[in-house]
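Just work-v5.txt here, compact mmCIF, C-alpha atoms:
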# COMPACT_ATOMS: atom_id res chain seq x y z
CA MET S 1 0.00 0.00 0.00
CA GLY S 2 1.70 3.19 -1.13
CA GLU S 3 1.59 6.10 -3.49
CA HIS S 4 1.85 3.91 -6.55
CA GLY S 5 0.32 0.71 -5.29
CA ASP S 6 -3.27 1.85 -5.47
CA THR S 7 -4.36 0.27 -8.72
CA PHE S 8 -6.59 -2.11 -6.80
CA LEU S 9 -8.61 0.83 -5.52
CA LYS S 10 -12.03 1.40 -7.03
CA VAL S 11 -14.65 4.08 -6.91
CA LEU S 12 -17.62 3.09 -4.76
CA LEU S 13 -20.75 5.18 -4.38
CA ALA S 14 -22.04 5.61 -0.87
CA ASP S 15 -25.14 7.14 0.70
CA LEU S 16 -24.22 7.22 4.36
CA HIS S 17 -27.37 8.72 5.88
CA ILE S 18 -30.65 6.86 5.34
CA HIS S 19 -33.61 6.56 7.69
CA THR S 20 -35.97 3.61 7.93
CA CYS S 21 -39.58 3.31 9.08
CA LEU S 22 -38.17 3.30 12.62
CA SER S 23 -37.61 7.04 12.44
CA PRO S 24 -40.91 8.73 13.29
CA CYS S 25 -40.46 11.29 10.51
CA ALA S 26 -39.73 8.70 7.78
CA THR S 27 -42.38 7.13 5.56
CA LEU S 28 -43.62 3.61 6.20
CA ASP S 29 -42.22 2.65 2.78
CA MET S 30 -38.74 2.76 4.25
CA THR S 31 -38.60 -0.96 4.94
CA PRO S 32 -35.50 -3.15 4.68
CA GLN S 33 -36.33 -4.88 1.38
CA LYS S 34 -37.52 -1.70 -0.30
CA ILE S 35 -34.51 0.31 0.83
CA VAL S 36 -32.13 -2.35 -0.51
CA LYS S 37 -33.96 -2.50 -3.86
CA GLU S 38 -33.97 1.27 -4.21
CA ALA S 39 -30.27 1.50 -3.33
CA GLN S 40 -29.47 -1.05 -6.03
CA LYS S 41 -31.63 0.80 -8.51
CA LYS S 42 -29.64 3.95 -7.74
CA LYS S 43 -26.37 2.02 -8.32
CA LEU S 44 -25.13 2.55 -4.79
CA ASP S 45 -22.40 0.28 -3.45
CA ILE S 46 -22.65 1.25 0.21
CA ILE S 47 -25.48 2.60 2.34
CA ALA S 48 -25.62 3.41 6.02
CA ILE S 49 -28.78 3.01 8.07
CA THR S 50 -29.01 5.91 10.48
CA ASP S 51 -32.28 6.21 12.35
CA HIS S 52 -32.82 8.81 15.03
CA ASN S 53 -31.29 7.59 18.29
CA SER S 54 -31.80 3.91 17.47
CA ALA S 55 -30.09 1.12 15.53
CA GLU S 56 -32.92 -1.39 15.87
CA ASN S 57 -33.53 -1.72 12.13
CA THR S 58 -29.90 -1.94 11.04
CA GLY S 59 -29.73 -5.71 11.39
CA ALA S 60 -32.84 -6.21 9.27
CA VAL S 61 -31.50 -4.06 6.42
CA MET S 62 -28.13 -5.83 6.58
CA ALA S 63 -29.94 -9.17 6.37
CA ALA S 64 -32.12 -7.95 3.50
CA ALA S 65 -28.98 -6.94 1.58
CA ARG S 66 -27.19 -10.26 2.06
CA GLY S 67 -26.13 -11.70 -1.30
CA THR S 68 -27.07 -8.58 -3.25
CA GLY S 69 -23.62 -6.99 -3.42
CA LEU S 70 -24.86 -3.95 -1.52
CA THR S 71 -22.98 -3.19 1.68
CA VAL S 72 -25.00 -1.89 4.62
CA ILE S 73 -23.19 -0.06 7.38
CA PRO S 74 -24.97 -0.09 10.74
CA GLY S 75 -25.31 3.39 12.17
CA MET S 76 -27.44 5.90 13.99
CA GLU S 77 -28.20 9.61 13.90
CA ILE S 78 -27.69 10.74 17.46
CA THR S 79 -29.23 13.90 18.90
CA THR S 80 -26.83 15.61 21.31
CA SER S 81 -27.93 17.74 24.26
CA GLU S 82 -27.39 20.83 22.09
CA GLU S 83 -29.77 19.23 19.53
CA VAL S 84 -26.98 18.70 17.05
CA HIS S 85 -27.35 15.64 14.84
CA ILE S 86 -24.27 13.42 14.65
CA VAL S 87 -24.24 10.49 12.23
CA ALA S 88 -22.47 7.52 13.79
CA LEU S 89 -21.16 4.71 11.56
CA PHE S 90 -19.98 1.38 12.92
CA GLU S 91 -18.00 -1.61 11.76
CA THR S 92 -20.31 -4.16 13.32
CA ILE S 93 -23.89 -4.40 14.46
CA GLY S 94 -22.54 -5.23 17.91
CA ALA S 95 -20.87 -1.84 18.12
CA ALA S 96 -24.00 -0.10 16.83
CA LEU S 97 -26.13 -1.81 19.46
CA ALA S 98 -23.61 -0.96 22.16
CA MET S 99 -23.91 2.69 21.14
CA GLN S 100 -27.69 2.31 21.14
CA ALA S 101 -27.57 1.08 24.74
CA VAL S 102 -25.67 4.23 25.73
CA VAL S 103 -28.08 6.43 23.78
CA TYR S 104 -31.16 4.78 25.30
CA GLU S 105 -29.69 5.32 28.76
CA GLU S 106 -29.16 9.02 28.01
CA LEU S 107 -32.26 9.72 25.90
CA GLN S 108 -34.73 12.13 27.42
CA PRO S 109 -37.58 10.25 29.06
CA GLY S 110 -41.03 10.09 27.53
CA GLU S 111 -43.07 8.02 25.11
CA ASN S 112 -43.46 8.57 21.42
CA ASP S 113 -46.80 10.10 20.46
CA GLU S 114 -47.55 8.34 17.17
CA ASP S 115 -50.20 10.85 16.10
CA LEU S 116 -47.86 13.77 16.60
CA PHE S 117 -44.46 12.47 15.57
CA GLY S 118 -45.23 9.32 13.55
CA LEU S 119 -44.88 5.56 13.86
CA GLN S 120 -41.60 3.96 14.96
CA VAL S 121 -41.73 0.60 13.25
CA VAL S 122 -39.21 -2.11 14.07
CA ALA S 123 -39.17 -4.30 10.95
CA ASN S 124 -37.59 -7.61 10.06
CA GLU S 125 -35.68 -8.45 6.88
CA PHE S 126 -38.91 -9.56 5.18
CA ASP S 127 -40.55 -6.16 5.69
CA GLU S 128 -42.82 -7.47 8.43
CA VAL S 129 -43.62 -5.42 11.50
CA GLU S 130 -41.90 -6.81 14.57
CA ALA S 131 -42.85 -4.14 17.08
CA MET S 132 -43.32 -0.46 17.69
CA ASN S 133 -40.50 1.31 19.46
CA PRO S 134 -42.14 3.26 22.31
CA ARG S 135 -39.21 5.59 23.09
CA LEU S 136 -39.11 9.31 22.40
CA LEU S 137 -36.66 8.88 19.52
CA ILE S 138 -37.37 12.42 18.35
CA GLY S 139 -35.98 13.69 21.66
CA ALA S 140 -32.43 14.60 22.63
CA THR S 141 -29.84 12.73 24.67
CA ARG S 142 -28.12 14.23 27.70
CA MET S 143 -24.73 13.82 26.02
CA ASP S 144 -23.11 16.87 24.49
CA VAL S 145 -21.34 16.78 21.12
CA VAL S 146 -17.95 15.95 22.62
CA GLN S 147 -19.37 13.10 24.69
CA VAL S 148 -21.26 11.67 21.70
CA VAL S 149 -18.23 11.80 19.41
CA ASP S 150 -16.01 10.26 22.10
CA SER S 151 -18.54 7.46 22.69
CA ILE S 152 -18.64 6.72 18.96
CA HIS S 153 -14.85 6.58 18.84
CA SER S 154 -14.64 4.34 21.88
CA LEU S 155 -16.67 1.82 19.85
CA LYS S 156 -14.33 2.28 16.85
CA GLY S 157 -16.99 4.13 14.89
CA LEU S 158 -16.83 7.21 12.69
CA ALA S 159 -18.60 10.44 13.66
CA VAL S 160 -19.98 12.75 10.97
CA ALA S 161 -21.64 16.11 11.68
CA ALA S 162 -24.96 15.90 9.81
CA HIS S 163 -26.23 18.44 7.24
CA ILE S 164 -24.03 21.31 8.38
CA ASP S 165 -25.61 23.59 5.75
CA ARG S 166 -29.02 23.37 7.37
CA ASP S 167 -30.41 25.57 10.13
CA ALA S 168 -32.15 22.89 12.12
CA PHE S 169 -30.24 20.30 14.13
CA SER S 170 -26.85 21.05 12.60
CA ILE S 171 -23.65 21.85 14.44
CA LEU S 172 -23.36 25.25 12.79
CA GLY S 173 -27.05 26.04 13.34
CA GLN S 174 -26.99 25.08 17.02
CA LEU S 175 -23.46 26.04 18.07
CA GLY S 176 -22.44 28.44 15.33
CA PHE S 177 -18.97 26.90 15.07
CA ILE S 178 -17.10 23.63 15.47
CA PRO S 179 -15.30 23.42 18.82
CA ASP S 180 -11.55 22.83 18.50
CA ASP S 181 -11.64 19.78 20.74
CA LEU S 182 -14.34 18.04 18.72
CA LYS S 183 -12.79 15.12 16.84
CA LEU S 184 -15.27 14.80 14.00
CA ASP S 185 -14.25 12.42 11.23
CA ALA S 186 -16.16 14.27 8.50
CA LEU S 187 -18.78 16.91 7.79
CA GLU S 188 -21.92 16.16 5.82
CA ILE S 189 -23.44 18.54 3.28
CA SER S 190 -27.14 18.03 2.62
CA ARG S 191 -28.57 17.34 -0.80
CA ARG S 192 -29.49 21.03 -1.04
CA MET S 193 -26.02 21.75 -2.38
CA THR S 194 -23.28 19.82 -4.15
CA LEU S 195 -20.15 18.70 -2.41
CA LYS S 196 -18.22 21.25 -4.43
CA GLN S 197 -20.53 24.09 -3.37
CA GLY S 198 -20.35 22.89 0.21
CA ARG S 199 -16.58 22.93 0.29
CA MET S 200 -16.59 26.41 -1.17
CA THR S 201 -19.24 27.75 1.18
CA TYR S 202 -17.50 26.26 4.20
CA GLY S 203 -13.92 26.76 3.01
CA HIS S 204 -12.81 27.62 6.54
CA LEU S 205 -13.70 24.06 7.55
CA LYS S 206 -11.61 22.35 4.92
CA ARG S 207 -9.48 20.76 7.61
CA PHE S 208 -12.33 18.22 7.73
CA PRO S 209 -13.26 15.82 4.94
CA PHE S 210 -16.65 16.56 3.40
CA ILE S 211 -19.27 14.06 2.31
CA THR S 212 -22.79 14.46 1.01
CA SER S 213 -25.70 12.16 1.77
CA SER S 214 -29.39 12.00 1.04
CA ASP S 215 -30.71 11.95 4.63
CA ALA S 216 -33.49 9.97 2.93
CA HIS S 217 -36.82 9.85 4.70
CA ASP S 218 -38.59 8.26 1.75
CA LEU S 219 -37.57 5.89 -1.03
CA ASP S 220 -37.19 8.46 -3.81
CA ASP S 221 -34.60 10.35 -1.76
CA ILE S 222 -32.21 7.41 -1.55
CA GLY S 223 -29.03 8.02 -3.51
CA VAL S 224 -29.93 11.53 -4.71
CA SER S 225 -26.56 12.87 -3.56
CA PRO S 226 -24.05 10.05 -3.14
CA THR S 227 -20.42 10.46 -2.20
CA ALA S 228 -17.81 8.73 -4.37
CA PHE S 229 -15.05 7.02 -2.41
CA ARG S 230 -11.86 5.75 -4.03
CA ILE S 231 -11.17 2.86 -1.69
CA GLY S 232 -10.10 -0.76 -1.53
CA GLY S 233 -13.47 -2.18 -0.54
CA PRO S 234 -16.79 -1.41 1.09
CA GLU S 235 -15.59 -1.53 4.68
CA LEU S 236 -15.85 1.13 7.36
CA ALA S 237 -12.08 1.09 7.83
CA GLU S 238 -11.67 1.99 4.15
CA LEU S 239 -14.02 4.95 4.56
CA GLY S 240 -11.87 6.01 7.49
CA TYR S 241 -8.73 5.81 5.30
CA ALA S 242 -10.47 7.94 2.66
CA PHE S 243 -11.33 10.55 5.31
CA LYS S 244 -7.66 10.64 6.30
CA VAL S 245 -6.44 10.38 2.68
CA THR S 246 -4.29 7.36 3.53
CA GLY S 247 -2.80 4.83 1.11
CA GLY S 248 -4.31 6.45 -1.97
CA ARG S 249 -7.81 6.31 -0.53
CA ARG S 250 -9.77 9.48 -0.95
CA ILE S 251 -13.11 11.11 -1.55
CA GLU S 252 -13.71 12.14 -5.16
CA TYR S 253 -14.85 15.70 -4.72
CA SER S 254 -15.99 16.30 -8.28
CA GLY S 255 -17.32 14.53 -11.29
CA ILE S 256 -19.41 11.74 -9.79
CA GLU S 257 -21.31 11.60 -13.07
CA GLU S 258 -18.11 11.08 -15.07
CA LEU S 259 -16.95 8.41 -12.67
CA ARG S 260 -20.22 6.57 -13.08
CA ASP S 261 -19.66 5.98 -16.82
CA MET H 1 -54.84 37.42 29.01
CA LYS H 2 -56.21 36.26 25.70
CA LEU H 3 -53.79 35.57 22.86
CA LYS H 4 -55.77 37.99 20.74
CA GLU H 5 -54.93 40.93 23.02
CA ILE H 6 -51.25 40.05 22.96
CA VAL H 7 -51.28 39.82 19.16
CA GLU H 8 -52.88 43.26 18.94
CA LYS H 9 -50.78 44.99 21.58
CA LEU H 10 -47.46 43.66 20.34
CA GLN H 11 -48.43 43.72 16.67
CA LEU H 12 -47.57 40.10 16.03
CA THR H 13 -48.14 38.74 12.53
CA VAL H 14 -50.42 35.71 12.68
CA LYS H 15 -49.27 32.90 10.38
CA THR H 16 -51.56 30.07 11.51
CA GLY H 17 -54.50 29.56 13.83
CA ALA H 18 -56.12 32.95 13.22
CA GLY H 19 -59.39 31.51 14.49
CA LEU H 20 -57.86 30.28 17.74
CA LEU H 21 -56.79 33.56 19.29
CA ASP H 22 -59.42 33.40 22.02
CA ARG H 23 -57.06 31.14 23.92
CA GLU H 24 -55.93 32.17 27.35
CA VAL H 25 -52.18 32.65 27.71
CA LYS H 26 -51.14 31.48 31.17
CA GLY H 27 -47.43 32.16 30.95
CA GLY H 28 -44.42 32.37 28.71
CA TYR H 29 -41.40 30.24 27.90
CA VAL H 30 -38.31 31.11 25.87
CA SER H 31 -36.20 28.30 24.43
CA ASP H 32 -34.62 27.18 21.20
CA LEU H 33 -34.12 23.61 22.32
CA MET H 34 -37.15 21.42 21.65
CA SER H 35 -36.01 18.88 24.24
CA ASP H 36 -35.98 21.65 26.85
CA VAL H 37 -39.50 22.75 25.93
CA MET H 38 -40.69 19.14 26.06
CA ALA H 39 -39.18 18.79 29.51
CA ASN H 40 -39.96 22.16 31.09
CA ALA H 41 -42.65 24.28 29.39
CA GLU H 42 -45.96 24.64 31.22
CA GLU H 43 -49.38 24.06 29.68
CA GLY H 44 -50.99 27.22 28.28
CA SER H 45 -47.68 29.03 27.86
CA LEU H 46 -46.71 31.11 24.88
CA TRP H 47 -43.47 29.74 23.42
CA ILE H 48 -40.90 32.21 22.12
CA THR H 49 -38.32 30.67 19.78
CA LEU H 50 -36.26 31.10 16.65
CA GLN H 51 -36.83 27.49 15.56
CA ILE H 52 -38.92 27.33 12.38
CA HIS H 53 -38.83 23.55 11.85
CA GLN H 54 -42.17 21.70 11.77
CA ASN H 55 -41.30 19.81 14.95
CA VAL H 56 -42.11 22.95 16.95
CA VAL H 57 -45.78 22.32 16.24
CA ALA H 58 -45.63 18.75 17.50
CA VAL H 59 -43.88 19.90 20.65
CA ALA H 60 -46.48 22.66 21.18
CA VAL H 61 -49.32 20.13 20.81
CA MET H 62 -47.59 17.69 23.12
CA LYS H 63 -47.25 20.33 25.84
CA SER H 64 -50.65 22.00 25.15
CA LEU H 65 -49.01 25.37 24.62
CA ALA H 66 -51.10 28.44 23.80
CA GLY H 67 -49.04 29.24 20.72
CA ILE H 68 -45.62 29.92 19.25
CA VAL H 69 -44.01 33.26 18.52
CA LEU H 70 -41.10 33.28 16.07
CA ILE H 71 -38.66 36.10 16.72
CA ASN H 72 -36.42 38.25 14.50
CA SER H 73 -38.91 38.01 11.62
CA ARG H 74 -38.07 34.35 11.12
CA ALA H 75 -40.24 32.79 8.42
CA PRO H 76 -41.78 29.44 9.33
CA GLU H 77 -41.09 26.63 6.85
CA PRO H 78 -44.09 25.72 4.64
CA GLU H 79 -44.41 22.36 6.44
CA THR H 80 -44.51 24.20 9.75
CA ILE H 81 -47.42 26.35 8.60
CA GLN H 82 -49.26 23.33 7.27
CA LYS H 83 -48.74 21.45 10.54
CA GLY H 84 -49.76 24.47 12.57
CA GLU H 85 -53.07 24.70 10.73
CA GLU H 86 -53.68 20.96 10.93
CA GLU H 87 -52.93 20.73 14.62
CA GLY H 88 -54.55 24.00 15.61
CA ILE H 89 -51.46 25.74 16.95
CA PRO H 90 -51.31 29.52 16.46
CA ILE H 91 -47.96 30.60 15.06
CA MET H 92 -47.08 34.29 15.17
CA VAL H 93 -44.04 36.21 13.95
CA THR H 94 -42.46 39.36 15.35
CA ASP H 95 -39.49 41.42 14.28
CA MET H 96 -38.46 41.74 17.93
CA PRO H 97 -35.62 39.64 19.36
CA ALA H 98 -36.49 37.22 22.17
CA PHE H 99 -35.29 39.49 24.99
CA GLU H 100 -37.42 42.40 23.83
CA LEU H 101 -40.50 40.25 23.30
CA ALA H 102 -40.22 38.56 26.68
CA GLY H 103 -39.85 41.96 28.34
CA ARG H 104 -42.91 43.31 26.57
CA LEU H 105 -44.93 40.24 27.59
CA PHE H 106 -43.84 40.65 31.18
CA ALA H 107 -44.94 44.27 31.05
CA LEU H 108 -48.36 43.05 29.92
CA GLY H 109 -48.57 40.84 32.99
CA ILE H 110 -47.55 37.54 31.39
CA SER H 111 -45.00 35.83 33.64
CA GLY H 112 -42.89 32.73 33.53
CA GLY H 113 -45.86 30.41 34.07
Structure encoded using structure tokens:
Amino acid sequence: MGEHGDTFLKVLLADLHIHTCLSPCATLDMTPQKIVKEAQKKKLDIIAITDHNSAENTGAVMAAARGTGLTVIPGMEITTSEEVHIVALFETIGAALAMQAVVYEELQPGENDEDLFGLQVVANEFDEVEAMNPRLLIGATRMDVVQVVDSIHSLKGLAVAAHIDRDAFSILGQLGFIPDDLKLDALEISRRMTLKQGRMTYGHLKRFPFITSSDAHDLDDIGVSPTAFRIGGPELAELGYAFKVTGGRRIEYSGIEELRD
Amino acid sequence: MKLKEIVEKLQLTVKTGAGLLDREVKGGYVSDLMSDVMANAEEGSLWITLQIHQNVVAVAVMKSLAGIVLINSRAPEPETIQKGEEEGIPIMVTDMPAFELAGRLFALGISGG
């Protein structure tokens, strides 16, 4: 692995922020089978399942994708005490569920009101309803951004600040800046702008890698703004190398359309 | 005091719930964190915030708040207006900042609830 030994690297398209029917604000169409089919239709190689404050549907989507060639990364979109959304990505479902246990412990108490916020459907890999999650997943945890990012890292995960270009629930919207001691692995630009525009708009934050994701809450959204990674394979560690620009791995910041041909 | 009187006296622009201004305002609460409002706001309070996301309506319904006032001329998102009408939550807008608005409400006899 070196400067010239990267011919085995390939460009993989990733959408690293997708909700399922477990998120109260997502549509009920966001079931494991349907998400996998839509991701394949959109020619994605990697998706991450990132429901609000829960990883309960990650296993089902991973199972639904088995044998399809699509890689599913188990994750979660965690709400910090400042109401900043942090996307957490994990190597294994075990790590994702360990993070979930921490989040559940720290989540503000209360029950979901299905009429107000929406249904929180726990599904299995066959798109059948297993249960309703009763927690207030729309709520915030008691952990601040530093604690959330540190917890993610202690489970060998990657921490991405979600949709920094948006007002609501973003680190810039809630805090106005990124604290120096916050060890984010990447910043996410929403589908409202391209990666290129994002890097220009937030040029002062270029010390961080930028990605763009769909933050899909319904099927059509999946894959609308994928990030192209030049990496050795669809593993979380490879995404981490791309963030750090190690061993030839990198994010392709322009020309996704050209790369697709 | 009725919401209607407050709207008139402070010249708030009514965005949703124009037919619901007969509501009694029992107090006020200022916060931009939804989780804080969910945990601490009192029923019948008027909520002062800069958050324009549709979740403010759900939180207001959940806590039976009298209404929401958006400060600094913040424009509610279209989904927020739609939700506000559906759920019967009055949403008002003012060009005042939160400090000024809270002070004016206090002067009208509306307290922390």
For chain S, the nearest of the candidates H:Asp95, H:Glu85, H:Asp36, H:Glu43, counting all atoms listed in the file =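 Nearest to chain S: H:Asp36.
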Contacts of stretch 56-69 of chain H at 6 Å (only C-alpha atoms; same-chain gap of 4+ positions) as a list in words =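 Result of the neighbour search: Leu116 of chain S; Val25, Glu43, Gly44, Ser45, Leu46, Trp47, Ile48, Gly84, Ile89, Pro90, Ile91, Met92 and Val93 of chain H.
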Would you mind telling me which residue in H:Ala39, H:Leu50, H:Val30, H:Gly17 lies nearest to H:Glu86 when using all atoms listed in the file?
->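 Looking only at the distances to H:Glu86, the closest residue turns out to be H:Gly17.
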Work out how far atom CA of S:Gln33 is from atom CA of S:Met62, in Å to one decimal.
->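 These two atoms are separated by 9.8 Å.
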Pick the closest to S:Val72 from S:Lys10, S:His17, S:His85, S:Arg249: which is it, counting all atoms listed in the file?
->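 Checking each of S:Lys10, S:His17, S:His85, S:Arg249 against S:Val72, counting all atoms listed in the file, the winner is S:His17.
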Polymer residues at most 8 Å from stretch 142-144 of chain S, only C-alpha atoms, same-chain spacing of 3 or more positions, as a ChimeraX atom specification | /S:80-82,106-108,147-148
Could you produce a table of the residues of chain H lying within 7 Å of chain S, with the nearest pair of atoms per residue and their separation in Å rounded to one decimal, using all atoms listed in the file, ordered by chain and increasing residue number, as a tab-separated table?
residue	atom	partner	partner_atom	distance
H:Leu33	CA	S:Glu83	CA	6.8
H:Ser35	CA	S:Gly139	CA	5.8
H:His53	CA	S:Ala168	CA	6.7
H:Ala58	CA	S:Leu116	CA	5.5
Just how far from atom CA of H:Met34 is atom CA of H:Leu108, in Å to one decimal?
->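 About the pair atom CA of H:Leu108 and atom CA of H:Met34: they are 25.7 Å apart.
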Quick one: everything within 7 Å of S:Ala14, counting all atoms listed in the file, minus sequence neighbours fewer than 2 positions away in the same chain. Send it as a ChimeraX atom specification.
-> /S:12,16,44-47,226-228
Which residues, written as a JSON list (two decimals) with C-alpha atoms, in the frame of the given file, have at least one atom at most 12 Å from S:Lys206, with all atoms listed in the file counted and residues fewer than 6 positions away on the same chain left out?
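So the final result, stored in out-v7.json, reads:
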[["chain", "number", "residue", "atom", "x", "y", "z"],
["S", 178, "ILE", "CA", -17.10, 23.63, 15.47],
["S", 186, "ALA", "CA", -16.16, 14.27, 8.50],
["S", 187, "LEU", "CA", -18.78, 16.91, 7.79],
["S", 195, "LEU", "CA", -20.15, 18.70, -2.41],
["S", 196, "LYS", "CA", -18.22, 21.25, -4.43],
["S", 198, "GLY", "CA", -20.35, 22.89, 0.21],
["S", 199, "ARG", "CA", -16.58, 22.93, 0.29],
["S", 200, "MET", "CA", -16.59, 26.41, -1.17],
["S", 243, "PHE", "CA", -11.33, 10.55, 5.31]]
Have a look at atom CA of H:Pro76 and atom CA of S:Leu28 and let me know their distance in Å, one decimal.
->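 Computing it gives 26.1 Å between the two atoms.
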Which residues are close to S:Arg166, i.e. within 12 Å by all atoms listed in the file, leaving aside same-chain residues fewer than 5 positions away? Reply as an mmCIF file with C-alpha atoms, in the coordinates of the input.
data_model
loop_
_atom_site.group_PDB
_atom_site.id
_atom_site.type_symbol
_atom_site.label_atom_id
_atom_site.label_comp_id
_atom_site.auth_asym_id
_atom_site.auth_seq_id
_atom_site.Cartn_x
_atom_site.Cartn_y
_atom_site.Cartn_z
ATOM 1 C CA VAL S 84 -26.980 18.700 17.050
ATOM 2 C CA HIS S 85 -27.350 15.640 14.840
ATOM 3 C CA ALA S 161 -21.640 16.110 11.680
ATOM 4 C CA ILE S 171 -23.650 21.850 14.440
ATOM 5 C CA LEU S 172 -23.360 25.250 12.790
ATOM 6 C CA GLY S 173 -27.050 26.040 13.340
ATOM 7 C CA GLN S 174 -26.990 25.080 17.020
ATOM 8 C CA GLY S 176 -22.440 28.440 15.330
ATOM 9 C CA GLU S 188 -21.920 16.160 5.820
ATOM 10 C CA ILE S 189 -23.440 18.540 3.280
ATOM 11 C CA SER S 190 -27.140 18.030 2.620
ATOM 12 C CA ARG S 191 -28.570 17.340 -0.800
ATOM 13 C CA ARG S 192 -29.490 21.030 -1.040
ATOM 14 C CA MET S 193 -26.020 21.750 -2.380
ATOM 15 C CA GLY S 198 -20.350 22.890 0.210
ATOM 16 C CA ASP S 215 -30.710 11.950 4.630
ATOM 17 C CA ILE H 52 -38.920 27.330 12.380
ATOM 18 C CA HIS H 53 -38.830 23.550 11.850
#
Kindly indicate which residue among S:Thr201, S:Asn133, S:Ile86, S:Leu175 lies nearest to H:Asp32, using all atoms listed in the file for the distances.
->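 The shortest atom-to-atom distance to H:Asp32 comes from S:Leu175.
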Around stretch 81-97 of chain S, fit a box with edges along x, y and z, padding it by 6 Å on each side, then list its centre and edge lengths in Å to one decimal as JSON.
{"center_x": -23.9, "center_y": 7.8, "center_z": 17.9, "size_x": 23.8, "size_y": 38.1, "size_z": 24.7}
Return the single residue from H:Gln54, H:Thr49, H:Met1, H:Met38 that is closest to H:Gln82, with distances computed using all atoms listed in the file.
->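 Among H:Gln54, H:Thr49, H:Met1, H:Met38, it is H:Gln54 that comes nearest to H:Gln82.
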Quick one: of S:Gly203, S:Gly69, S:Gly240, S:Pro209, who's nearest to S:Lys156, counting all atoms listed in the file?
->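 Nearest to S:Lys156: S:Gly240.
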Will you model N, CA and C atoms for stretch 39-54 of chain H and pass it back as an mmCIF file, in the coordinates of the input?
data_model
loop_
_atom_site.group_PDB
_atom_site.id
_atom_site.type_symbol
_atom_site.label_atom_id
_atom_site.label_comp_id
_atom_site.auth_asym_id
_atom_site.auth_seq_id
_atom_site.Cartn_x
_atom_site.Cartn_y
_atom_site.Cartn_z
ATOM 1 N N ALA H 39 -39.408 19.134 28.110
ATOM 2 C CA ALA H 39 -39.180 18.790 29.510
ATOM 3 C C ALA H 39 -39.752 19.844 30.470
ATOM 4 N N ASN H 40 -39.742 21.120 30.084
ATOM 5 C CA ASN H 40 -39.960 22.160 31.090
ATOM 6 C C ASN H 40 -41.086 23.169 30.844
ATOM 7 N N ALA H 41 -41.618 23.263 29.623
ATOM 8 C CA ALA H 41 -42.650 24.280 29.390
ATOM 9 C C ALA H 41 -43.959 23.881 30.070
ATOM 10 N N GLU H 42 -44.694 24.894 30.526
ATOM 11 C CA GLU H 42 -45.960 24.640 31.220
ATOM 12 C C GLU H 42 -47.135 24.798 30.247
ATOM 13 N N GLU H 43 -48.162 24.006 30.481
ATOM 14 C CA GLU H 43 -49.380 24.060 29.680
ATOM 15 C C GLU H 43 -49.924 25.502 29.605
ATOM 16 N N GLY H 44 -50.388 25.894 28.432
ATOM 17 C CA GLY H 44 -50.990 27.220 28.280
ATOM 18 C C GLY H 44 -49.990 28.342 28.102
ATOM 19 N N SER H 45 -48.699 27.991 28.030
ATOM 20 C CA SER H 45 -47.680 29.030 27.860
ATOM 21 C C SER H 45 -47.529 29.422 26.394
ATOM 22 N N LEU H 46 -47.068 30.647 26.210
ATOM 23 C CA LEU H 46 -46.710 31.110 24.880
ATOM 24 C C LEU H 46 -45.212 30.848 24.715
ATOM 25 N N TRP H 47 -44.861 30.165 23.625
ATOM 26 C CA TRP H 47 -43.470 29.740 23.420
ATOM 27 C C TRP H 47 -42.780 30.702 22.471
ATOM 28 N N ILE H 48 -41.694 31.284 22.925
ATOM 29 C CA ILE H 48 -40.900 32.210 22.120
ATOM 30 C C ILE H 48 -39.654 31.476 21.636
ATOM 31 N N THR H 49 -39.462 31.428 20.317
ATOM 32 C CA THR H 49 -38.320 30.670 19.780
ATOM 33 C C THR H 49 -37.897 31.194 18.426
ATOM 34 N N LEU H 50 -36.691 30.795 18.010
ATOM 35 C CA LEU H 50 -36.260 31.100 16.650
ATOM 36 C C LEU H 50 -36.343 29.860 15.756
ATOM 37 N N GLN H 51 -36.746 28.728 16.340
ATOM 38 C CA GLN H 51 -36.830 27.490 15.560
ATOM 39 C C GLN H 51 -38.047 27.508 14.638
ATOM 40 N N ILE H 52 -37.828 27.250 13.363
ATOM 41 C CA ILE H 52 -38.920 27.330 12.380
ATOM 42 C C ILE H 52 -39.282 25.959 11.810
ATOM 43 N N HIS H 53 -38.620 24.930 12.319
ATOM 44 C CA HIS H 53 -38.830 23.550 11.850
ATOM 45 C C HIS H 53 -40.211 23.061 12.287
ATOM 46 N N GLN H 54 -40.807 22.166 11.488
ATOM 47 C CA GLN H 54 -42.170 21.700 11.770
ATOM 48 C C GLN H 54 -42.311 20.997 13.122
#
